[in-house]
$ cat structure.txt   # compact mmCIF, C-alpha atoms
# COMPACT_ATOMS: atom_id res chain seq x y z
CA MET A 6 36.45 41.35 34.95
CA SER A 7 34.29 44.23 33.74
CA ASN A 8 31.97 43.88 30.78
CA LEU A 9 34.21 46.25 28.80
CA THR A 10 37.33 44.16 29.47
CA LEU A 11 35.49 40.96 28.63
CA GLY A 12 34.17 42.45 25.43
CA LEU A 13 37.63 43.63 24.38
CA ALA A 14 39.07 40.21 25.10
CA ILE A 15 36.40 38.52 22.98
CA LEU A 16 36.91 41.03 20.20
CA GLY A 17 40.66 40.51 20.32
CA GLY A 18 40.18 36.76 20.11
CA LEU A 19 37.94 37.09 17.10
CA VAL A 20 40.42 39.39 15.36
CA LEU A 21 43.28 36.96 16.09
CA ALA A 22 41.22 34.05 14.77
CA ALA A 23 40.41 36.02 11.65
CA VAL A 24 44.09 36.87 11.09
CA VAL A 25 45.11 33.22 11.53
CA ALA A 26 42.35 32.03 9.20
CA HIS A 27 43.26 34.61 6.56
CA SER A 28 46.93 33.68 6.82
CA ALA A 29 46.11 30.00 6.37
CA TRP A 30 43.83 30.76 3.43
CA THR A 31 46.48 32.97 1.79
CA SER A 32 49.15 30.32 2.32
CA ARG A 33 46.92 27.65 0.82
CA ARG A 34 45.96 29.88 -2.09
CA ASN A 35 49.58 30.69 -2.94
CA ALA A 36 50.91 27.15 -2.45
CA PRO A 37 51.95 25.34 -5.66
CA LYS A 38 49.16 23.31 -7.20
CA GLN A 39 49.60 19.59 -6.60
CA ALA A 40 48.91 16.58 -8.80
CA GLU A 41 45.55 14.93 -8.19
CA PRO A 42 45.73 11.59 -6.32
CA LEU A 43 44.89 8.55 -8.43
CA ALA A 44 41.90 6.45 -7.38
CA SER A 45 42.59 2.83 -6.43
CA ALA A 46 40.94 0.48 -8.93
CA ALA A 47 40.01 -2.05 -6.23
CA SER A 48 38.69 0.12 -3.42
CA GLY A 49 38.06 3.47 -5.00
CA ALA A 50 40.29 5.02 -2.33
CA PRO A 51 42.86 7.62 -3.29
CA ALA A 52 46.26 6.21 -4.18
CA GLU A 53 49.58 7.98 -4.40
CA ALA A 54 50.40 9.26 -7.90
CA PRO A 55 53.29 7.30 -9.45
CA ARG A 56 56.64 9.02 -9.59
CA LEU A 57 57.70 9.70 -13.17
CA GLU A 58 61.39 8.92 -13.58
CA PRO A 59 63.43 10.43 -16.41
CA ALA A 60 64.14 8.07 -19.30
CA LEU A 61 66.30 8.26 -22.39
CA GLU A 62 64.27 9.88 -25.13
CA ALA A 63 65.11 7.07 -27.53
CA ASP A 64 63.51 4.62 -25.10
CA VAL A 65 60.11 6.28 -25.07
CA MET A 66 59.35 5.86 -28.76
CA PRO A 67 56.76 3.29 -29.84
CA PRO A 68 58.21 0.11 -31.36
CA ALA A 69 58.82 0.18 -35.10
CA ALA A 70 61.50 -0.72 -37.63
CA PRO A 71 64.67 1.27 -37.01
CA GLU A 72 65.60 3.83 -39.65
CA LYS A 73 68.72 3.14 -41.72
CA ARG A 74 71.59 5.49 -40.99
CA PRO A 75 71.62 8.28 -43.58
CA GLY A 76 74.60 8.01 -45.94
CA LEU A 77 76.76 10.61 -47.58
CA ASP A 78 74.89 12.79 -50.06
CA ALA A 79 76.35 15.32 -52.48
CA LEU A 80 73.54 17.71 -51.60
CA ILE A 81 75.02 18.48 -48.18
CA ASP A 82 78.42 16.72 -48.21
CA VAL A 83 81.82 17.12 -49.83
CA ILE A 84 82.60 13.63 -51.17
CA ALA A 85 86.08 12.38 -52.11
CA PRO A 86 86.16 9.02 -53.97
CA ILE A 87 88.95 6.63 -52.92
CA ALA A 88 90.01 4.10 -55.59
CA LEU A 89 91.63 0.79 -54.56
CA GLU A 90 94.08 -1.45 -56.37
CA HIS A 91 92.65 -4.46 -54.56
CA PRO A 92 89.49 -4.94 -52.42
CA ALA A 93 89.95 -4.15 -48.72
CA SER A 94 88.34 -5.74 -45.69
CA GLY A 95 86.01 -3.94 -43.34
CA ASP A 96 88.37 -4.80 -40.49
CA ALA A 97 91.24 -3.01 -42.22
CA ALA A 98 89.03 0.00 -42.93
CA LEU A 99 87.91 0.22 -39.31
CA ALA A 100 91.52 0.02 -38.10
CA ALA A 101 92.41 2.92 -40.44
CA MET A 102 89.61 5.21 -39.29
CA PRO A 103 90.68 8.49 -37.61
CA PRO A 104 90.13 8.66 -33.83
CA THR A 105 87.55 11.43 -34.21
CA ARG A 106 84.74 11.62 -36.74
CA ARG A 107 84.81 15.40 -37.16
CA ALA A 108 86.74 17.94 -39.18
CA GLY A 109 86.53 21.03 -37.04
CA SER A 110 82.83 21.38 -36.22
CA LYS A 111 81.64 19.29 -39.18
CA PRO A 112 80.86 15.54 -39.21
CA PHE A 113 83.37 13.39 -41.10
CA ALA A 114 82.47 9.94 -42.46
CA VAL A 115 83.84 7.09 -44.57
CA GLU A 116 81.74 4.65 -46.58
CA GLY A 117 82.69 1.51 -48.46
CA PHE A 118 81.10 -0.10 -51.53
CA ASN A 119 80.11 -3.60 -50.40
CA ASP A 120 80.85 -6.22 -53.08
CA ASN A 121 78.02 -8.46 -51.89
CA THR A 122 75.19 -5.99 -51.38
CA ARG A 123 76.35 -3.54 -54.09
CA GLN A 124 75.57 -0.72 -51.66
CA TRP A 125 77.54 2.06 -49.98
CA GLU A 126 77.67 1.54 -46.23
CA THR A 127 79.66 2.24 -43.09
CA PRO A 128 82.54 -0.26 -43.05
CA ALA A 129 81.72 -3.36 -41.01
CA PRO A 130 83.83 -6.31 -39.82
CA GLY A 131 83.84 -9.37 -42.07
CA GLN A 132 82.84 -7.45 -45.21
CA ARG A 133 84.88 -6.66 -48.32
CA TYR A 134 84.87 -3.37 -50.20
CA SER A 135 86.00 -2.55 -53.71
CA ALA A 136 86.02 1.23 -53.20
CA PHE A 137 85.61 3.85 -50.49
CA GLN A 138 84.51 7.44 -50.25
CA ALA A 139 85.21 10.01 -47.54
CA GLY A 140 82.91 12.91 -46.83
CA VAL A 141 82.53 16.00 -44.68
CA GLN A 142 79.32 17.94 -44.14
CA LEU A 143 79.09 21.30 -45.90
CA ALA A 144 77.17 23.10 -43.16
CA ASN A 145 75.32 22.69 -39.88
CA ARG A 146 73.93 25.02 -37.25
CA VAL A 147 77.48 26.00 -36.28
CA GLY A 148 78.04 27.47 -39.73
CA ALA A 149 79.53 26.72 -43.15
CA LEU A 150 82.55 24.52 -43.85
CA ASN A 151 85.61 26.78 -44.02
CA GLU A 152 89.07 26.40 -45.55
CA ILE A 153 90.66 25.17 -42.32
CA GLU A 154 88.00 22.50 -41.84
CA TYR A 155 88.34 21.46 -45.48
CA SER A 156 92.10 21.06 -45.02
CA GLU A 157 91.52 18.91 -41.92
CA PHE A 158 89.10 16.79 -43.96
CA VAL A 159 91.75 16.30 -46.66
CA MET A 160 94.37 15.25 -44.10
CA LYS A 161 92.05 12.71 -42.43
CA ALA A 162 90.85 11.29 -45.74
CA GLN A 163 94.38 11.07 -47.10
CA ALA A 164 95.62 9.28 -43.97
CA PHE A 165 92.76 6.78 -44.25
CA ALA A 166 93.48 6.22 -47.94
CA ASP A 167 97.20 5.68 -47.30
CA ALA A 168 96.43 3.06 -44.64
CA ILE A 169 94.33 0.97 -47.06
CA ASN A 170 96.49 1.59 -50.16
CA GLY A 171 93.88 3.81 -51.76
CA SER A 172 94.06 6.89 -54.00
CA PRO A 173 91.69 9.73 -53.07
CA GLU A 174 90.42 12.40 -55.46
CA PHE A 175 89.47 15.65 -53.75
CA PRO A 176 87.08 18.26 -55.19
CA ASP A 177 88.32 21.84 -55.58
CA MET A 178 88.43 23.49 -52.17
CA LEU A 179 87.24 26.94 -53.25
CA HIS A 180 84.28 25.45 -55.11
CA GLU A 181 83.24 23.34 -52.11
CA VAL A 182 83.64 26.18 -49.63
CA ALA A 183 81.46 28.36 -51.88
CA ARG A 184 78.85 25.57 -51.94
CA ALA A 185 79.04 25.42 -48.16
CA ARG A 186 78.38 29.13 -47.80
CA GLU A 187 75.40 29.01 -50.14
CA LEU A 188 73.91 26.04 -48.29
CA ASP A 189 74.54 27.69 -44.93
CA GLN A 190 72.82 30.86 -46.14
CA PHE A 191 69.79 28.86 -47.23
CA ALA A 192 69.68 26.90 -43.98
CA SER A 193 70.03 30.02 -41.83
CA GLY A 194 67.11 31.64 -43.63
CA HIS A 195 64.86 28.60 -43.26
CA ASP A 196 65.68 27.36 -39.78
CA ALA A 197 62.68 27.62 -37.46
CA GLN A 198 62.75 26.74 -33.77
CA LEU A 199 59.50 27.76 -32.14
CA SER A 200 58.67 28.09 -28.46
CA PHE A 201 55.65 29.12 -26.44
CA THR A 202 55.80 29.97 -22.75
CA LEU A 203 52.90 28.96 -20.53
CA ARG A 204 52.74 31.25 -17.48
CA ALA A 205 50.68 30.74 -14.31
CA ARG A 206 47.92 33.31 -13.83
CA ASN A 207 47.70 32.95 -10.06
CA ALA A 208 48.97 30.00 -8.01
CA ALA A 209 52.24 28.39 -9.05
CA TRP A 210 52.50 24.72 -10.09
CA SER A 211 54.40 21.86 -8.50
CA PRO A 212 56.50 19.56 -10.74
CA GLY A 213 54.01 16.73 -10.16
CA TYR A 214 51.13 18.96 -11.26
CA VAL A 215 52.94 19.85 -14.50
CA LEU A 216 53.90 16.21 -15.15
CA GLN A 217 50.36 14.99 -14.59
CA ASN A 218 48.72 17.54 -16.87
CA ALA A 219 51.31 17.07 -19.63
CA ALA A 220 51.10 13.26 -19.37
CA ARG A 221 47.39 13.47 -20.20
CA LEU A 222 48.41 14.90 -23.59
CA GLY A 223 50.92 12.13 -24.28
CA PHE A 224 54.12 13.74 -22.96
CA VAL A 225 56.62 11.46 -21.22
CA PRO A 226 59.70 12.25 -19.09
CA GLY A 227 62.80 13.05 -21.11
CA ALA A 228 66.46 12.37 -20.43
CA ILE A 229 66.92 15.52 -18.34
CA PRO A 230 64.97 16.35 -15.14
CA GLY A 231 62.47 19.07 -15.88
CA ARG A 232 62.10 18.02 -19.51
CA MET A 233 59.29 16.07 -21.15
CA VAL A 234 58.84 15.06 -24.77
CA LEU A 235 55.97 14.13 -27.04
CA PRO A 236 57.24 11.01 -28.85
CA ALA A 237 57.11 10.67 -32.62
CA SER A 238 54.95 7.98 -34.16
CA VAL A 239 58.03 6.22 -35.60
CA ALA A 240 60.78 4.73 -33.44
CA GLY A 241 64.16 6.45 -33.59
CA MET A 242 62.79 9.77 -34.83
CA PRO A 243 63.23 12.99 -32.83
CA PRO A 244 60.37 13.86 -30.46
CA VAL A 245 57.59 15.96 -31.94
CA LEU A 246 57.56 18.52 -29.12
CA GLY A 247 59.51 19.35 -26.01
CA LEU A 248 58.21 20.68 -22.70
CA ALA A 249 60.64 22.12 -20.16
CA PHE A 250 60.51 23.66 -16.69
CA ASP A 251 63.02 24.56 -14.00
CA THR A 252 65.48 21.68 -13.50
CA HIS A 253 66.18 22.78 -9.91
CA ALA A 254 62.49 22.44 -9.09
CA ALA A 255 62.43 18.93 -10.54
CA LEU A 256 65.49 17.93 -8.48
CA ALA A 257 64.36 19.55 -5.19
CA ASP A 258 64.39 17.42 -2.03
CA ASP A 259 60.66 18.07 -1.71
CA PRO A 260 59.35 18.69 -5.26
CA ALA A 261 55.82 19.19 -3.92
CA GLN A 262 56.96 22.48 -2.39
CA SER A 263 58.77 23.68 -5.53
CA ALA A 264 57.00 26.58 -7.20
CA ILE A 265 56.96 26.61 -11.00
CA ARG A 266 55.48 29.69 -12.63
CA GLU A 267 56.22 28.92 -16.28
CA VAL A 268 56.85 26.02 -18.65
CA THR A 269 58.11 26.15 -22.23
CA LEU A 270 56.74 24.23 -25.20
CA SER A 271 59.22 23.92 -28.07
CA LEU A 272 59.27 22.67 -31.67
CA ASP A 273 62.40 22.19 -33.78
CA VAL A 274 60.67 22.48 -37.15
CA PRO A 275 63.32 20.98 -39.52
CA GLN A 276 63.80 17.97 -37.24
CA VAL A 277 60.16 16.78 -37.27
CA GLN A 278 58.26 15.31 -40.20
CA ARG A 279 55.44 17.39 -41.59
CA SER A 280 53.11 14.38 -41.41
CA GLU A 281 53.30 14.52 -37.60
CA GLN A 282 51.42 17.86 -37.74
CA PRO A 283 53.76 19.22 -35.09
CA PHE A 284 52.51 22.81 -35.01
CA VAL A 285 48.87 21.73 -34.80
CA ARG A 286 49.77 19.53 -31.84
CA MET A 287 51.89 22.28 -30.29
CA ARG A 288 49.02 24.72 -30.56
CA GLU A 289 46.49 22.25 -29.14
CA SER A 290 48.83 21.32 -26.29
CA ALA A 291 49.41 24.95 -25.36
CA ILE A 292 45.69 25.79 -25.37
CA THR A 293 44.74 22.67 -23.42
CA LEU A 294 47.44 23.15 -20.79
CA ALA A 295 46.57 26.83 -20.40
CA ALA A 296 42.94 25.91 -19.76
CA SER A 297 43.62 23.02 -17.36
CA MET A 298 46.42 24.73 -15.41
CA ASP A 299 45.00 28.28 -15.33
CA GLY A 300 47.78 29.76 -17.43
CA ILE A 301 48.31 32.13 -20.33
CA ILE A 302 50.29 31.56 -23.55
CA THR A 303 53.06 34.09 -24.23
CA ASP A 304 56.07 34.52 -26.48
CA ASP A 305 59.67 34.84 -25.31
CA ASN A 306 59.11 38.51 -24.49
CA GLY A 307 56.13 37.82 -22.25
CA GLN A 308 53.58 39.10 -24.77
CA VAL A 309 50.31 37.19 -24.81
CA ILE A 310 49.79 35.23 -28.03
CA ARG A 311 46.28 35.47 -29.44
CA VAL A 312 44.56 32.88 -31.60
CA GLU A 313 45.03 35.11 -34.64
CA GLY A 314 48.78 35.11 -34.00
CA LEU A 315 48.81 31.32 -33.94
CA ASP A 316 47.01 31.27 -37.29
CA VAL A 317 49.70 33.48 -38.84
CA ILE A 318 52.48 31.27 -37.50
CA GLY A 319 50.77 28.18 -38.90
CA ALA A 320 50.44 29.73 -42.36
CA ASP A 321 54.11 30.79 -42.38
CA LEU A 322 55.16 27.27 -41.45
CA GLU A 323 53.27 25.77 -44.36
CA GLN A 324 55.29 27.98 -46.71
CA LEU A 325 58.50 26.94 -44.98
CA TYR A 326 57.62 23.25 -45.40
CA ASP A 327 57.01 23.81 -49.13
CA THR A 328 60.38 25.54 -49.52
CA LEU A 329 62.25 22.73 -47.74
CA ASP A 330 60.44 20.15 -49.87
CA ALA A 331 61.44 21.95 -53.06
CA ARG A 332 65.10 21.88 -51.96
CA ASP A 333 64.95 18.11 -51.22
CA LEU A 334 65.46 18.93 -47.55
CA SER A 335 61.99 18.05 -46.28
CA ALA A 336 61.49 18.58 -42.55
CA GLY A 337 62.28 15.40 -40.63
CA SER A 338 64.20 13.81 -43.50
CA PRO A 339 67.69 12.36 -42.80
CA LEU A 340 69.35 15.18 -44.75
CA ALA A 341 67.38 17.91 -42.99
CA ARG A 342 68.12 16.43 -39.57
CA ARG A 343 71.83 16.38 -40.38
CA LEU A 344 71.89 19.90 -41.84
CA PHE A 345 69.84 21.48 -39.07
CA SER A 346 71.85 20.03 -36.18
$ encode --input "structure.txt" --output "structure tokens"
Amino acid sequence: MSNLTLGLAILGGLVLAAVVAHSAWTSRRNAPKQAEPLASAASGAPAEAPRLEPALEADVMPPAAPEKRPGLDALIDVIAPIALEHPASGDAALAAMPPTRRAGSKPFAVEGFNDNTRQWETPAPGQRYSAFQAGVQLANRVGALNEIEYSEFVMKAQAFADAINGSPEFPDMLHEVARARELDQFASGHDAQLSFTLRARNAAWSPGYVLQNAARLGFVPGAIPGRMVLPASVAGMPPVLGLAFDTHAALADDPAQSAIREVTLSLDVPQVQRSEQPFVRMRESAITLAASMDGIITDDNGQVIRVEGLDVIGADLEQLYDTLDARDLSAGSPLARRLFS
């Protein structure tokens, strides 16, 4: 073999090695980032990161006294009193309940006045009630109570009253429908559901990588694959924040090879108590995740959100909280959670 041929062969080998090395480096650089292995407490050796299984969101709240079910309230409900000739049992009331607890798209409910506790409550077996009241919600996120839904409410309440030998008294339909429209207009103008999108700058993320970084901030797996929640400080309350990414990536046969390029942080403002400081925690979570995962914070349109923009959002939310407080619909209260649902 001549020196020229040998030199060309060596050069070709070097070029091939360089191409292979560059390909491997590019593949590694573009591969989804993986969760860091956990160190074994006993040996200091790396241990496999635990798999985070989805859980019901109600199960991830810290233990505390359960909140009493919110009752009917004239602020957001149509209420029809039902007078009785004689007290009725809770068993009879339960047997007379309609099969569905809705009138159209609005929640329908019946409460009884308990002779022993002197309180209005959902009828229960073994109790006796001297009066009842039926109610239907004036508005929710579907819209205002309309004439057809009001008529369905009247039919269900009347059938219940007939079954327990009661006499209902219904408010004027036109007046209640007008109240529903006014309440719906207020709710529509003060309903805030915020979301930030965290986008990868360079390499994508694996589901495990997202789970691990979010878990460090207190997020736990939600009921749906690809969803995490930041639990409230009180049991039974809605989560403070939500974090979501592609469900298909979370359910992939090999999640480590799934490429996630964006995750969404969300806050349902009327559902979360002001005392939880939800926007402050949302802002801090977004900034921390962006720094640790090499991402940028954008809005729904892909526009980068600057710190000044976050300040403006925070100031607007404080005004919204004040307005809801003044209307007796404070964020996170039972009435607000019912209205904004």
$ closest_residue --input "structure.txt" --among "A:Leu203, A:Ala254, A:Ile87, A:Ala320" --to "Gln308 (chain A)" --atoms "all atoms listed in the file"
A:Leu203
$ residues_around --input "structure.txt" --residues "Glu152 (chain A)" --least-positions-apart "4" --cutoff "9 Å" --atoms "all atoms listed in the file" --output "PDB file with C-alpha atoms, in the frame of the given file"
ATOM      1  CA  SER A 156      92.100  21.060 -45.020  1.00  0.00           C
ATOM      2  CA  GLU A 157      91.520  18.910 -41.920  1.00  0.00           C
ATOM      3  CA  MET A 178      88.430  23.490 -52.170  1.00  0.00           C
ATOM      4  CA  LEU A 179      87.240  26.940 -53.250  1.00  0.00           C
ATOM      5  CA  VAL A 182      83.640  26.180 -49.630  1.00  0.00           C
TER       6      VAL A 182
END
$ residues_around --input "structure.txt" --residues "Gln278 (chain A)" --least-positions-apart "3" --cutoff "10 Å" --atoms "all atoms listed in the file" --output "CSV table (one decimal) with C-alpha atoms, in the frame of the given file"
chain,number,residue,atom,x,y,z
A,237,ALA,CA,57.1,10.7,-32.6
A,242,MET,CA,62.8,9.8,-34.8
A,243,PRO,CA,63.2,13.0,-32.8
A,245,VAL,CA,57.6,16.0,-31.9
A,274,VAL,CA,60.7,22.5,-37.2
A,275,PRO,CA,63.3,21.0,-39.5
A,281,GLU,CA,53.3,14.5,-37.6
A,282,GLN,CA,51.4,17.9,-37.7
A,283,PRO,CA,53.8,19.2,-35.1
A,326,TYR,CA,57.6,23.2,-45.4
A,335,SER,CA,62.0,18.0,-46.3
A,336,ALA,CA,61.5,18.6,-42.6
A,337,GLY,CA,62.3,15.4,-40.6
A,338,SER,CA,64.2,13.8,-43.5
A,341,ALA,CA,67.4,17.9,-43.0
A,342,ARG,CA,68.1,16.4,-39.6
$ closest_residue --input "structure.txt" --among "A:Glu267, A:Asp196, A:Asp120, A:Asp330" --to "Ala136 (chain A)" --atoms "all atoms listed in the file"
A:Asp120
$ closest_residue --input "structure.txt" --among "A:Asp273, A:Ser172, A:Thr328, A:Val115" --to "Gly194 (chain A)" --atoms "all atoms listed in the file"
A:Thr328
$ atom_distance --input "structure.txt" --atom1 "CA of Ala100 (chain A)" --atom2 "CA of Thr127 (chain A)"
13.1 Å
$ residues_around --input "structure.txt" --residues "region 255-261 of chain A" --least-positions-apart "2" --cutoff "7 Å" --atoms "all atoms listed in the file" --output "tab-separated table (two decimals) with C-alpha atoms, in the coordinates of the input"
chain	number	residue	atom	x	y	z
A	39	GLN	CA	49.60	19.59	-6.60
A	211	SER	CA	54.40	21.86	-8.50
A	212	PRO	CA	56.50	19.56	-10.74
A	213	GLY	CA	54.01	16.73	-10.16
A	230	PRO	CA	64.97	16.35	-15.14
A	231	GLY	CA	62.47	19.07	-15.88
A	251	ASP	CA	63.02	24.56	-14.00
A	252	THR	CA	65.48	21.68	-13.50
A	253	HIS	CA	66.18	22.78	-9.91
A	263	SER	CA	58.77	23.68	-5.53
